[in-house]
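Q: Here you go, this is entry.txt (compact mmCIF, N, CA and C atoms).
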# COMPACT_ATOMS: atom_id res chain seq x y z
N MET A 1 -29.56 -19.46 -27.29
CA MET A 1 -28.12 -19.27 -27.21
C MET A 1 -27.77 -17.86 -27.68
N ILE A 2 -26.95 -17.17 -26.92
CA ILE A 2 -26.53 -15.81 -27.27
C ILE A 2 -25.33 -15.88 -28.21
N GLU A 3 -25.43 -15.17 -29.31
CA GLU A 3 -24.33 -15.16 -30.28
C GLU A 3 -23.30 -14.11 -29.87
N ARG A 4 -22.06 -14.52 -29.77
CA ARG A 4 -20.97 -13.60 -29.42
C ARG A 4 -20.30 -13.12 -30.70
N LYS A 5 -20.05 -11.83 -30.77
CA LYS A 5 -19.40 -11.28 -31.95
C LYS A 5 -17.90 -11.48 -31.85
N THR A 6 -17.29 -11.80 -32.98
CA THR A 6 -15.84 -11.94 -33.00
C THR A 6 -15.20 -10.56 -33.00
N THR A 7 -13.94 -10.51 -32.63
CA THR A 7 -13.21 -9.24 -32.62
C THR A 7 -13.21 -8.62 -34.02
N GLY A 8 -13.05 -9.46 -35.03
CA GLY A 8 -13.06 -8.95 -36.41
C GLY A 8 -14.38 -8.33 -36.79
N LEU A 9 -15.48 -8.97 -36.40
CA LEU A 9 -16.80 -8.44 -36.70
C LEU A 9 -17.04 -7.12 -35.96
N ILE A 10 -16.65 -7.07 -34.70
CA ILE A 10 -16.78 -5.82 -33.93
C ILE A 10 -15.96 -4.72 -34.58
N GLY A 11 -14.74 -5.06 -35.03
CA GLY A 11 -13.88 -4.08 -35.70
C GLY A 11 -14.48 -3.58 -36.99
N ASN A 12 -15.02 -4.49 -37.80
CA ASN A 12 -15.63 -4.09 -39.08
C ASN A 12 -16.85 -3.21 -38.86
N GLU A 13 -17.69 -3.56 -37.88
CA GLU A 13 -18.85 -2.74 -37.58
C GLU A 13 -18.41 -1.37 -37.07
N GLY A 14 -17.35 -1.34 -36.29
CA GLY A 14 -16.81 -0.07 -35.80
C GLY A 14 -16.32 0.81 -36.94
N GLU A 15 -15.61 0.20 -37.89
CA GLU A 15 -15.14 0.96 -39.05
C GLU A 15 -16.31 1.47 -39.89
N ASP A 16 -17.35 0.67 -40.03
CA ASP A 16 -18.54 1.12 -40.76
C ASP A 16 -19.16 2.34 -40.07
N LYS A 17 -19.29 2.29 -38.75
CA LYS A 17 -19.83 3.43 -38.00
C LYS A 17 -18.94 4.66 -38.14
N ALA A 18 -17.62 4.44 -38.09
CA ALA A 18 -16.68 5.56 -38.22
C ALA A 18 -16.79 6.19 -39.60
N CYS A 19 -16.90 5.37 -40.65
CA CYS A 19 -17.04 5.91 -42.01
C CYS A 19 -18.33 6.70 -42.14
N ALA A 20 -19.42 6.17 -41.61
CA ALA A 20 -20.70 6.88 -41.69
C ALA A 20 -20.60 8.23 -40.97
N TYR A 21 -19.96 8.23 -39.82
CA TYR A 21 -19.76 9.48 -39.06
C TYR A 21 -18.94 10.48 -39.88
N LEU A 22 -17.84 10.01 -40.47
CA LEU A 22 -16.99 10.91 -41.26
C LEU A 22 -17.75 11.47 -42.46
N ILE A 23 -18.47 10.62 -43.16
CA ILE A 23 -19.24 11.07 -44.33
C ILE A 23 -20.29 12.10 -43.89
N ASP A 24 -20.96 11.83 -42.77
CA ASP A 24 -21.95 12.78 -42.25
C ASP A 24 -21.33 14.12 -41.88
N ASN A 25 -20.02 14.12 -41.62
CA ASN A 25 -19.32 15.35 -41.25
C ASN A 25 -18.45 15.87 -42.40
N SER A 26 -18.86 15.57 -43.63
CA SER A 26 -18.29 16.12 -44.86
C SER A 26 -16.88 15.65 -45.20
N TYR A 27 -16.47 14.49 -44.67
CA TYR A 27 -15.21 13.90 -45.09
C TYR A 27 -15.48 13.02 -46.31
N ARG A 28 -14.50 12.90 -47.16
CA ARG A 28 -14.57 11.98 -48.30
C ARG A 28 -13.65 10.81 -47.98
N ILE A 29 -14.18 9.60 -48.02
CA ILE A 29 -13.37 8.42 -47.73
C ILE A 29 -12.52 8.11 -48.95
N ILE A 30 -11.21 8.08 -48.75
CA ILE A 30 -10.27 7.78 -49.83
C ILE A 30 -10.03 6.27 -49.92
N GLU A 31 -9.80 5.68 -48.74
CA GLU A 31 -9.48 4.25 -48.72
C GLU A 31 -9.76 3.69 -47.33
N ARG A 32 -10.10 2.41 -47.32
CA ARG A 32 -10.28 1.69 -46.05
C ARG A 32 -9.28 0.54 -46.01
N ASN A 33 -8.78 0.27 -44.83
CA ASN A 33 -7.87 -0.85 -44.61
C ASN A 33 -6.67 -0.84 -45.56
N PHE A 34 -5.98 0.29 -45.62
CA PHE A 34 -4.77 0.40 -46.43
C PHE A 34 -3.67 -0.37 -45.70
N ARG A 35 -3.11 -1.37 -46.39
CA ARG A 35 -2.13 -2.26 -45.76
C ARG A 35 -0.79 -2.21 -46.48
N THR A 36 0.25 -2.29 -45.65
CA THR A 36 1.61 -2.51 -46.14
C THR A 36 2.21 -3.59 -45.25
N ARG A 37 3.45 -3.96 -45.52
CA ARG A 37 4.11 -4.94 -44.65
C ARG A 37 4.31 -4.38 -43.25
N SER A 38 4.42 -3.05 -43.15
CA SER A 38 4.71 -2.45 -41.84
C SER A 38 3.45 -2.15 -41.01
N GLY A 39 2.27 -2.19 -41.62
CA GLY A 39 1.08 -1.90 -40.83
C GLY A 39 -0.16 -1.66 -41.67
N GLU A 40 -1.18 -1.16 -40.99
CA GLU A 40 -2.47 -0.91 -41.63
C GLU A 40 -3.05 0.40 -41.10
N ILE A 41 -3.75 1.10 -41.97
CA ILE A 41 -4.51 2.28 -41.57
C ILE A 41 -5.97 1.95 -41.84
N ASP A 42 -6.80 2.12 -40.82
CA ASP A 42 -8.20 1.73 -40.94
C ASP A 42 -8.94 2.56 -41.98
N ILE A 43 -8.81 3.89 -41.90
CA ILE A 43 -9.52 4.78 -42.83
C ILE A 43 -8.60 5.93 -43.22
N ILE A 44 -8.60 6.25 -44.50
CA ILE A 44 -7.93 7.45 -44.98
C ILE A 44 -9.02 8.32 -45.58
N ALA A 45 -9.13 9.53 -45.06
CA ALA A 45 -10.21 10.44 -45.48
C ALA A 45 -9.64 11.81 -45.81
N HIS A 46 -10.43 12.60 -46.53
CA HIS A 46 -10.00 13.93 -46.94
C HIS A 46 -11.14 14.91 -46.68
N LYS A 47 -10.78 16.06 -46.11
CA LYS A 47 -11.75 17.12 -45.90
C LYS A 47 -11.02 18.44 -46.05
N ASP A 48 -11.59 19.33 -46.86
CA ASP A 48 -10.94 20.61 -47.17
C ASP A 48 -9.55 20.31 -47.71
N ASP A 49 -8.51 20.82 -47.09
CA ASP A 49 -7.16 20.54 -47.58
C ASP A 49 -6.39 19.64 -46.62
N VAL A 50 -7.12 18.79 -45.87
CA VAL A 50 -6.49 17.93 -44.86
C VAL A 50 -6.72 16.46 -45.21
N LEU A 51 -5.62 15.71 -45.25
CA LEU A 51 -5.67 14.27 -45.42
C LEU A 51 -5.59 13.67 -44.02
N VAL A 52 -6.59 12.87 -43.67
CA VAL A 52 -6.70 12.36 -42.31
C VAL A 52 -6.53 10.85 -42.31
N PHE A 53 -5.57 10.39 -41.51
CA PHE A 53 -5.34 8.97 -41.30
C PHE A 53 -6.03 8.62 -39.99
N VAL A 54 -7.01 7.70 -40.06
CA VAL A 54 -7.87 7.43 -38.91
C VAL A 54 -7.66 6.01 -38.40
N GLU A 55 -7.37 5.92 -37.12
CA GLU A 55 -7.33 4.63 -36.42
C GLU A 55 -8.67 4.49 -35.71
N VAL A 56 -9.35 3.37 -35.93
CA VAL A 56 -10.65 3.13 -35.32
C VAL A 56 -10.48 2.10 -34.21
N LYS A 57 -11.02 2.41 -33.04
CA LYS A 57 -10.98 1.49 -31.92
C LYS A 57 -12.40 1.25 -31.43
N ALA A 58 -12.91 0.04 -31.62
CA ALA A 58 -14.22 -0.34 -31.10
C ALA A 58 -13.98 -0.99 -29.74
N LEU A 59 -14.41 -0.29 -28.69
CA LEU A 59 -14.11 -0.74 -27.32
C LEU A 59 -15.39 -0.78 -26.47
N PRO A 60 -16.31 -1.71 -26.80
CA PRO A 60 -17.58 -1.74 -26.07
C PRO A 60 -17.44 -2.01 -24.57
N SER A 61 -16.33 -2.59 -24.15
CA SER A 61 -16.12 -2.80 -22.71
C SER A 61 -14.80 -2.18 -22.28
N GLY A 62 -14.37 -1.14 -23.01
CA GLY A 62 -13.08 -0.53 -22.76
C GLY A 62 -13.14 0.65 -21.82
N ASN A 63 -11.95 1.20 -21.57
CA ASN A 63 -11.81 2.40 -20.76
C ASN A 63 -10.56 3.16 -21.25
N ALA A 64 -10.28 4.28 -20.62
CA ALA A 64 -9.16 5.12 -21.07
C ALA A 64 -7.83 4.38 -21.00
N GLU A 65 -7.65 3.54 -20.00
CA GLU A 65 -6.40 2.79 -19.86
C GLU A 65 -6.22 1.80 -21.02
N ILE A 66 -7.31 1.12 -21.37
CA ILE A 66 -7.25 0.17 -22.49
C ILE A 66 -6.98 0.92 -23.79
N LEU A 67 -7.63 2.07 -23.97
CA LEU A 67 -7.41 2.87 -25.18
C LEU A 67 -5.95 3.29 -25.28
N ALA A 68 -5.37 3.76 -24.18
CA ALA A 68 -3.96 4.17 -24.18
C ALA A 68 -3.06 2.99 -24.52
N HIS A 69 -3.37 1.82 -23.99
CA HIS A 69 -2.58 0.63 -24.29
C HIS A 69 -2.69 0.25 -25.77
N GLU A 70 -3.89 0.35 -26.31
CA GLU A 70 -4.12 0.01 -27.72
C GLU A 70 -3.40 0.96 -28.67
N LEU A 71 -3.17 2.19 -28.23
CA LEU A 71 -2.55 3.21 -29.08
C LEU A 71 -1.18 3.61 -28.55
N ASP A 72 -0.40 2.64 -28.15
CA ASP A 72 0.91 2.94 -27.61
C ASP A 72 1.84 3.49 -28.70
N LEU A 73 3.03 3.91 -28.30
CA LEU A 73 3.98 4.52 -29.25
C LEU A 73 4.32 3.59 -30.41
N ARG A 74 4.44 2.31 -30.13
CA ARG A 74 4.77 1.35 -31.19
C ARG A 74 3.67 1.37 -32.27
N LYS A 75 2.41 1.34 -31.83
CA LYS A 75 1.29 1.37 -32.77
C LYS A 75 1.27 2.69 -33.55
N GLN A 76 1.51 3.80 -32.86
CA GLN A 76 1.53 5.11 -33.52
C GLN A 76 2.62 5.15 -34.59
N ARG A 77 3.80 4.64 -34.26
CA ARG A 77 4.91 4.62 -35.24
C ARG A 77 4.56 3.79 -36.48
N LYS A 78 3.87 2.66 -36.27
CA LYS A 78 3.46 1.83 -37.40
C LYS A 78 2.48 2.59 -38.29
N ILE A 79 1.56 3.30 -37.67
CA ILE A 79 0.58 4.07 -38.45
C ILE A 79 1.28 5.17 -39.25
N VAL A 80 2.21 5.87 -38.61
CA VAL A 80 2.94 6.94 -39.30
C VAL A 80 3.76 6.37 -40.46
N LYS A 81 4.43 5.26 -40.23
CA LYS A 81 5.23 4.63 -41.30
C LYS A 81 4.34 4.22 -42.47
N THR A 82 3.18 3.66 -42.16
CA THR A 82 2.25 3.25 -43.21
C THR A 82 1.69 4.47 -43.94
N ALA A 83 1.41 5.54 -43.21
CA ALA A 83 0.93 6.78 -43.83
C ALA A 83 1.97 7.35 -44.78
N ASN A 84 3.23 7.32 -44.39
CA ASN A 84 4.29 7.81 -45.26
C ASN A 84 4.38 6.99 -46.54
N PHE A 85 4.17 5.69 -46.44
CA PHE A 85 4.16 4.84 -47.62
C PHE A 85 2.99 5.23 -48.53
N PHE A 86 1.82 5.46 -47.94
CA PHE A 86 0.65 5.89 -48.72
C PHE A 86 0.97 7.18 -49.47
N LEU A 87 1.60 8.13 -48.78
CA LEU A 87 1.92 9.42 -49.40
C LEU A 87 2.92 9.28 -50.54
N LEU A 88 3.85 8.34 -50.42
CA LEU A 88 4.79 8.09 -51.52
C LEU A 88 4.07 7.54 -52.75
N LYS A 89 3.05 6.71 -52.52
CA LYS A 89 2.27 6.13 -53.62
C LYS A 89 1.27 7.10 -54.22
N HIS A 90 0.81 8.06 -53.42
CA HIS A 90 -0.27 8.96 -53.84
C HIS A 90 0.20 10.41 -53.74
N ARG A 91 1.02 10.79 -54.67
CA ARG A 91 1.62 12.12 -54.66
C ARG A 91 0.60 13.24 -54.87
N GLU A 92 -0.62 12.89 -55.31
CA GLU A 92 -1.65 13.92 -55.49
C GLU A 92 -2.03 14.59 -54.16
N TYR A 93 -1.62 13.99 -53.04
CA TYR A 93 -1.93 14.58 -51.73
C TYR A 93 -0.73 15.33 -51.11
N ASN A 94 0.33 15.53 -51.90
CA ASN A 94 1.53 16.19 -51.38
C ASN A 94 1.26 17.59 -50.84
N SER A 95 0.28 18.29 -51.37
CA SER A 95 0.02 19.65 -50.89
C SER A 95 -1.00 19.67 -49.74
N SER A 96 -1.50 18.51 -49.37
CA SER A 96 -2.48 18.43 -48.28
C SER A 96 -1.78 18.50 -46.92
N LYS A 97 -2.48 19.07 -45.96
CA LYS A 97 -2.03 18.96 -44.57
C LYS A 97 -2.34 17.54 -44.13
N ILE A 98 -1.60 17.06 -43.15
CA ILE A 98 -1.75 15.68 -42.67
C ILE A 98 -2.18 15.71 -41.21
N ARG A 99 -3.09 14.79 -40.88
CA ARG A 99 -3.54 14.70 -39.49
C ARG A 99 -3.77 13.23 -39.14
N PHE A 100 -3.49 12.88 -37.90
CA PHE A 100 -3.73 11.53 -37.39
C PHE A 100 -4.82 11.60 -36.33
N ASP A 101 -5.96 10.98 -36.62
CA ASP A 101 -7.11 11.00 -35.73
C ASP A 101 -7.38 9.59 -35.21
N VAL A 102 -8.13 9.54 -34.13
CA VAL A 102 -8.63 8.28 -33.59
C VAL A 102 -10.13 8.43 -33.42
N ILE A 103 -10.86 7.41 -33.84
CA ILE A 103 -12.30 7.38 -33.59
C ILE A 103 -12.57 6.17 -32.70
N VAL A 104 -13.14 6.45 -31.54
CA VAL A 104 -13.46 5.42 -30.56
C VAL A 104 -14.95 5.10 -30.70
N ILE A 105 -15.25 3.83 -30.83
CA ILE A 105 -16.63 3.38 -31.04
C ILE A 105 -17.12 2.62 -29.80
N ASP A 106 -18.28 3.05 -29.31
CA ASP A 106 -19.03 2.32 -28.27
C ASP A 106 -18.28 2.11 -26.96
N MET A 107 -17.38 3.04 -26.59
CA MET A 107 -16.71 2.91 -25.30
C MET A 107 -17.61 3.51 -24.21
N PRO A 108 -17.80 2.81 -23.10
CA PRO A 108 -18.65 3.33 -22.03
C PRO A 108 -18.21 4.74 -21.60
N ASN A 109 -19.18 5.56 -21.25
CA ASN A 109 -18.98 6.93 -20.76
C ASN A 109 -18.51 7.91 -21.84
N LEU A 110 -18.56 7.51 -23.10
CA LEU A 110 -18.27 8.40 -24.23
C LEU A 110 -19.45 8.34 -25.19
N PRO A 111 -19.56 9.35 -26.07
CA PRO A 111 -20.59 9.23 -27.13
C PRO A 111 -20.34 7.95 -27.95
N PRO A 112 -21.37 7.43 -28.62
CA PRO A 112 -21.20 6.19 -29.40
C PRO A 112 -20.06 6.27 -30.43
N VAL A 113 -19.86 7.45 -31.01
CA VAL A 113 -18.74 7.69 -31.92
C VAL A 113 -18.00 8.90 -31.37
N TYR A 114 -16.79 8.67 -30.88
CA TYR A 114 -16.01 9.73 -30.25
C TYR A 114 -14.78 10.00 -31.10
N HIS A 115 -14.72 11.19 -31.68
CA HIS A 115 -13.67 11.56 -32.64
C HIS A 115 -12.60 12.39 -31.94
N ILE A 116 -11.38 11.89 -31.93
CA ILE A 116 -10.24 12.61 -31.35
C ILE A 116 -9.38 13.10 -32.52
N GLN A 117 -9.48 14.39 -32.82
CA GLN A 117 -8.67 14.96 -33.89
C GLN A 117 -7.26 15.23 -33.37
N ASN A 118 -6.27 15.07 -34.26
CA ASN A 118 -4.86 15.26 -33.87
C ASN A 118 -4.50 14.43 -32.64
N ALA A 119 -4.88 13.18 -32.65
CA ALA A 119 -4.63 12.30 -31.51
C ALA A 119 -3.13 12.11 -31.26
N PHE A 120 -2.35 12.12 -32.33
CA PHE A 120 -0.90 12.05 -32.22
C PHE A 120 -0.31 12.66 -33.47
N THR A 121 1.01 12.85 -33.47
CA THR A 121 1.68 13.46 -34.61
C THR A 121 2.70 12.49 -35.18
N GLU A 122 3.23 12.85 -36.34
CA GLU A 122 4.25 12.00 -36.94
C GLU A 122 5.60 12.19 -36.29
N PHE A 123 5.74 13.14 -35.39
CA PHE A 123 7.01 13.42 -34.74
C PHE A 123 7.11 12.68 -33.42
N ILE A 124 7.00 11.35 -33.51
CA ILE A 124 7.07 10.53 -32.30
C ILE A 124 8.29 9.65 -32.32
Could the structure of this file be written out as structure tokens, please?
A:
Amino acid sequence: MIERKTTGLIGNEGEDKACAYLIDNSYRIIERNFRTRSGEIDIIAHKDDVLVFVEVKALPSGNAEILAHELDLRKQRKIVKTANFFLLKHREYNSSKIRFDVIVIDMPNLPPVYHIQNAFTEFI
């Protein structure tokens, strides 16, 4: 019998791969799965003077259309709102530049870990 992975397990494995990739590229992981009532940020990382809010999408059978649907304006606004809450709680990052990235995991026709820097801005 073939074991099927749950969406949650695929997501967790994707986040693990994304964290390993970020660490390998000199990012420091600040927090994983930061949650508020308004949303969640998968990974918050810091590199140089940039605080990076990372949305991870594990899409082993996905494509560009599915990725665009997964990261629609509503989702982006939730991430920005949650990031602003994080910044209110963690004033030590007030002097950091802010960036919103997306890391796509295992999507066909892309590298196994595909990092999109500045995927969207807070001015949406």
Q: Taking a cut-off of 7 Å and counting only N, CA and C atoms, can you build a table that, for each residue of range 75-118 of chain A near range 40-56 of chain A, reports the nearest atom pair and how far apart they are in Å (one decimal), sorted by chain then residue number, as a tab-separated table?
A:
residue	atom	partner	partner_atom	distance
A:Lys78	C	A:Glu40	N	5.9
A:Ile79	CA	A:Glu40	C	5.8
A:Thr82	CA	A:Glu40	N	6.0
A:Ala83	N	A:Ile41	N	6.9
A:Ser95	C	A:Asp49	C	6.2
A:Ser96	CA	A:Asp49	C	4.4
A:Lys97	C	A:Leu51	N	3.9
A:Ile98	CA	A:Leu51	C	4.5
A:Arg99	C	A:Phe53	N	4.1
A:Phe100	CA	A:Phe53	C	4.5
A:Asp101	N	A:Phe53	C	4.1
A:Val102	CA	A:Glu55	C	4.3
A:Ile103	N	A:Glu55	C	4.1
A:Val104	N	A:Val56	CA	5.6
A:Ile105	N	A:Val56	C	6.1
Q: One decimal, Å: what's the distance from atom C of Tyr27 in chain A over to CA of His115 in chain A, could you say?
A: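 We find that atom C of Tyr27 in chain A and CA of His115 in chain A lie 13.9 Å from each other.
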Q: Distance CA of Val113 in chain A-CA of Glu65 in chain A, one decimal place?
A: 17.9 Å
Q: Within chain A, find each residue whose DSSP state, derived from the backbone, is strand (DSSP E), and express the selection as a ChimeraX atom specification.
A: /A:28-36,39-47,50-58,97-105,113-120
Q: Take the residues just selected and output them with N, CA and C atoms as a CSV table (one decimal), keeping the file's coordinate frame.
A:
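So again38.csv came out as:
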chain,number,residue,atom,x,y,z
A,28,ARG,N,-14.5,12.9,-47.2
A,28,ARG,CA,-14.6,12.0,-48.3
A,28,ARG,C,-13.6,10.8,-48.0
A,29,ILE,N,-14.2,9.6,-48.0
A,29,ILE,CA,-13.4,8.4,-47.7
A,29,ILE,C,-12.5,8.1,-49.0
A,30,ILE,N,-11.2,8.1,-48.8
A,30,ILE,CA,-10.3,7.8,-49.8
A,30,ILE,C,-10.0,6.3,-49.9
A,31,GLU,N,-9.8,5.7,-48.7
A,31,GLU,CA,-9.5,4.2,-48.7
A,31,GLU,C,-9.8,3.7,-47.3
A,32,ARG,N,-10.1,2.4,-47.3
A,32,ARG,CA,-10.3,1.7,-46.0
A,32,ARG,C,-9.3,0.5,-46.0
A,33,ASN,N,-8.8,0.3,-44.8
A,33,ASN,CA,-7.9,-0.8,-44.6
A,33,ASN,C,-6.7,-0.8,-45.6
A,34,PHE,N,-6.0,0.3,-45.6
A,34,PHE,CA,-4.8,0.4,-46.4
A,34,PHE,C,-3.7,-0.4,-45.7
A,35,ARG,N,-3.1,-1.4,-46.4
A,35,ARG,CA,-2.1,-2.3,-45.8
A,35,ARG,C,-0.8,-2.2,-46.5
A,36,THR,N,0.2,-2.3,-45.6
A,36,THR,CA,1.6,-2.5,-46.1
A,36,THR,C,2.2,-3.6,-45.2
A,39,GLY,N,2.3,-2.2,-41.6
A,39,GLY,CA,1.1,-1.9,-40.8
A,39,GLY,C,-0.2,-1.7,-41.7
A,40,GLU,N,-1.2,-1.2,-41.0
A,40,GLU,CA,-2.5,-0.9,-41.6
A,40,GLU,C,-3.0,0.4,-41.1
A,41,ILE,N,-3.8,1.1,-42.0
A,41,ILE,CA,-4.5,2.3,-41.6
A,41,ILE,C,-6.0,2.0,-41.8
A,42,ASP,N,-6.8,2.1,-40.8
A,42,ASP,CA,-8.2,1.7,-40.9
A,42,ASP,C,-8.9,2.6,-42.0
A,43,ILE,N,-8.8,3.9,-41.9
A,43,ILE,CA,-9.5,4.8,-42.8
A,43,ILE,C,-8.6,5.9,-43.2
A,44,ILE,N,-8.6,6.2,-44.5
A,44,ILE,CA,-7.9,7.4,-45.0
A,44,ILE,C,-9.0,8.3,-45.6
A,45,ALA,N,-9.1,9.5,-45.1
A,45,ALA,CA,-10.2,10.4,-45.5
A,45,ALA,C,-9.6,11.8,-45.8
A,46,HIS,N,-10.4,12.6,-46.5
A,46,HIS,CA,-10.0,13.9,-46.9
A,46,HIS,C,-11.1,14.9,-46.7
A,47,LYS,N,-10.8,16.1,-46.1
A,47,LYS,CA,-11.8,17.1,-45.9
A,47,LYS,C,-11.0,18.4,-46.0
A,50,VAL,N,-7.1,18.8,-45.9
A,50,VAL,CA,-6.5,17.9,-44.9
A,50,VAL,C,-6.7,16.5,-45.2
A,51,LEU,N,-5.6,15.7,-45.2
A,51,LEU,CA,-5.7,14.3,-45.4
A,51,LEU,C,-5.6,13.7,-44.0
A,52,VAL,N,-6.6,12.9,-43.7
A,52,VAL,CA,-6.7,12.4,-42.3
A,52,VAL,C,-6.5,10.8,-42.3
A,53,PHE,N,-5.6,10.4,-41.5
A,53,PHE,CA,-5.3,9.0,-41.3
A,53,PHE,C,-6.0,8.6,-40.0
A,54,VAL,N,-7.0,7.7,-40.1
A,54,VAL,CA,-7.9,7.4,-38.9
A,54,VAL,C,-7.7,6.0,-38.4
A,55,GLU,N,-7.4,5.9,-37.1
A,55,GLU,CA,-7.3,4.6,-36.4
A,55,GLU,C,-8.7,4.5,-35.7
A,56,VAL,N,-9.4,3.4,-35.9
A,56,VAL,CA,-10.6,3.1,-35.3
A,56,VAL,C,-10.5,2.1,-34.2
A,57,LYS,N,-11.0,2.4,-33.0
A,57,LYS,CA,-11.0,1.5,-31.9
A,57,LYS,C,-12.4,1.2,-31.4
A,58,ALA,N,-12.9,0.0,-31.6
A,58,ALA,CA,-14.2,-0.3,-31.1
A,58,ALA,C,-14.0,-1.0,-29.7
A,97,LYS,N,-2.5,19.1,-46.0
A,97,LYS,CA,-2.0,19.0,-44.6
A,97,LYS,C,-2.3,17.5,-44.1
A,98,ILE,N,-1.6,17.1,-43.2
A,98,ILE,CA,-1.8,15.7,-42.7
A,98,ILE,C,-2.2,15.7,-41.2
A,99,ARG,N,-3.1,14.8,-40.9
A,99,ARG,CA,-3.5,14.7,-39.5
A,99,ARG,C,-3.8,13.2,-39.1
A,100,PHE,N,-3.5,12.9,-37.9
A,100,PHE,CA,-3.7,11.5,-37.4
A,100,PHE,C,-4.8,11.6,-36.3
A,101,ASP,N,-6.0,11.0,-36.6
A,101,ASP,CA,-7.1,11.0,-35.7
A,101,ASP,C,-7.4,9.6,-35.2
A,102,VAL,N,-8.1,9.5,-34.1
A,102,VAL,CA,-8.6,8.3,-33.6
A,102,VAL,C,-10.1,8.4,-33.4
A,103,ILE,N,-10.9,7.4,-33.8
A,103,ILE,CA,-12.3,7.4,-33.6
A,103,ILE,C,-12.6,6.2,-32.7
A,104,VAL,N,-13.1,6.4,-31.5
A,104,VAL,CA,-13.5,5.4,-30.6
A,104,VAL,C,-15.0,5.1,-30.7
A,105,ILE,N,-15.2,3.8,-30.8
A,105,ILE,CA,-16.6,3.4,-31.0
A,105,ILE,C,-17.1,2.6,-29.8
A,113,VAL,N,-19.9,7.4,-31.0
A,113,VAL,CA,-18.7,7.7,-31.9
A,113,VAL,C,-18.0,8.9,-31.4
A,114,TYR,N,-16.8,8.7,-30.9
A,114,TYR,CA,-16.0,9.7,-30.2
A,114,TYR,C,-14.8,10.0,-31.1
A,115,HIS,N,-14.7,11.2,-31.7
A,115,HIS,CA,-13.7,11.6,-32.6
A,115,HIS,C,-12.6,12.4,-31.9
A,116,ILE,N,-11.4,11.9,-31.9
A,116,ILE,CA,-10.2,12.6,-31.4
A,116,ILE,C,-9.4,13.1,-32.5
A,117,GLN,N,-9.5,14.4,-32.8
A,117,GLN,CA,-8.7,15.0,-33.9
A,117,GLN,C,-7.3,15.2,-33.4
A,118,ASN,N,-6.3,15.1,-34.3
A,118,ASN,CA,-4.9,15.3,-33.9
A,118,ASN,C,-4.5,14.4,-32.6
A,119,ALA,N,-4.9,13.2,-32.6
A,119,ALA,CA,-4.6,12.3,-31.5
A,119,ALA,C,-3.1,12.1,-31.3
A,120,PHE,N,-2.4,12.1,-32.3
A,120,PHE,CA,-0.9,12.0,-32.2
A,120,PHE,C,-0.3,12.7,-33.5
Q: I'd like the contact shell of Gln76 in chain A - 10 Å cut-off, only C-alpha atoms, skipping same-chain residues fewer than 5 positions apart - returned as a PDB file with N, CA and C atoms, in the frame of the given file.
A:
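Dumped everything to result_23.pdb:
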ATOM      1  N   GLU A  55      -7.370   5.920 -37.120  1.00  0.00           N
ATOM      2  CA  GLU A  55      -7.330   4.630 -36.420  1.00  0.00           C
ATOM      3  C   GLU A  55      -8.670   4.490 -35.710  1.00  0.00           C
ATOM      4  N   GLU A  70      -3.890   0.350 -26.310  1.00  0.00           N
ATOM      5  CA  GLU A  70      -4.120   0.010 -27.720  1.00  0.00           C
ATOM      6  C   GLU A  70      -3.400   0.960 -28.670  1.00  0.00           C
ATOM      7  N   LEU A  71      -3.170   2.190 -28.230  1.00  0.00           N
ATOM      8  CA  LEU A  71      -2.550   3.210 -29.080  1.00  0.00           C
ATOM      9  C   LEU A  71      -1.180   3.610 -28.550  1.00  0.00           C
ATOM     10  N   LYS A  81       4.430   5.260 -40.230  1.00  0.00           N
ATOM     11  CA  LYS A  81       5.230   4.630 -41.300  1.00  0.00           C
ATOM     12  C   LYS A  81       4.340   4.220 -42.470  1.00  0.00           C
ATOM     13  N   THR A  82       3.180   3.660 -42.160  1.00  0.00           N
ATOM     14  CA  THR A  82       2.250   3.250 -43.210  1.00  0.00           C
ATOM     15  C   THR A  82       1.690   4.470 -43.940  1.00  0.00           C
ATOM     16  N   PHE A 100      -3.490  12.880 -37.900  1.00  0.00           N
ATOM     17  CA  PHE A 100      -3.730  11.530 -37.390  1.00  0.00           C
ATOM     18  C   PHE A 100      -4.820  11.600 -36.330  1.00  0.00           C
ATOM     19  N   ALA A 119      -4.880  13.180 -32.650  1.00  0.00           N
ATOM     20  CA  ALA A 119      -4.630  12.300 -31.510  1.00  0.00           C
ATOM     21  C   ALA A 119      -3.130  12.110 -31.260  1.00  0.00           C
ATOM     22  N   PHE A 120      -2.350  12.120 -32.330  1.00  0.00           N
ATOM     23  CA  PHE A 120      -0.900  12.050 -32.220  1.00  0.00           C
ATOM     24  C   PHE A 120      -0.310  12.660 -33.470  1.00  0.00           C
ATOM     25  N   THR A 121       1.010  12.850 -33.470  1.00  0.00           N
ATOM     26  CA  THR A 121       1.680  13.460 -34.610  1.00  0.00           C
ATOM     27  C   THR A 121       2.700  12.490 -35.180  1.00  0.00           C
ATOM     28  N   GLU A 122       3.230  12.850 -36.340  1.00  0.00           N
ATOM     29  CA  GLU A 122       4.250  12.000 -36.940  1.00  0.00           C
ATOM     30  C   GLU A 122       5.600  12.190 -36.290  1.00  0.00           C
ATOM     31  N   ILE A 124       7.000  11.350 -33.510  1.00  0.00           N
ATOM     32  CA  ILE A 124       7.070  10.530 -32.300  1.00  0.00           C
ATOM     33  C   ILE A 124       8.290   9.650 -32.320  1.00  0.00           C
TER      34      ILE A 124
END
Q: Tell me, which residues of chain A carry DSSP helix (DSSP H, G or I), written as a PyMOL selection string?
A: chain A and resi 7-24+64-70+73-89+91-93
Q: Fewer than 3 positions away in the same chain doesn't count, so skip those; otherwise give me all residues within 8 Å of Ser61 in chain A, counting only N, CA and C atoms, as a PyMOL selection string.
A: chain A and resi 58+66+105-108
Q: Between CA of Ile116 in chain A and CA of Glu31 in chain A, what is the spacing in Å?
A: 19.3 Å
Q: Report, as lines of an AutoDock Vina configuration file, the centre and edge lengths in Å (one decimal) of the axis-aligned box enclosing every listed atom of range 65-72 of chain A, padded by 6 Å on each side.
A:
center_x = -2.9
center_y = 2.1
center_z = -24.5
size_x = 21.5
size_y = 16.2
size_z = 21.2
Q: Which residues, protein or nucleic acid, reach to within 6.5 Å of (-13.6, -0.5, -35.1) in the file's coordinates when using only N, CA and C atoms, and can you give that as a list in words?
A: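 It turns out the residues near that spot are Ile10, Gly11, Asn12, Glu13, Gly14, Glu15, Asp16, Val56, Lys57, Ala58, Leu59 and Ile105 of chain A.
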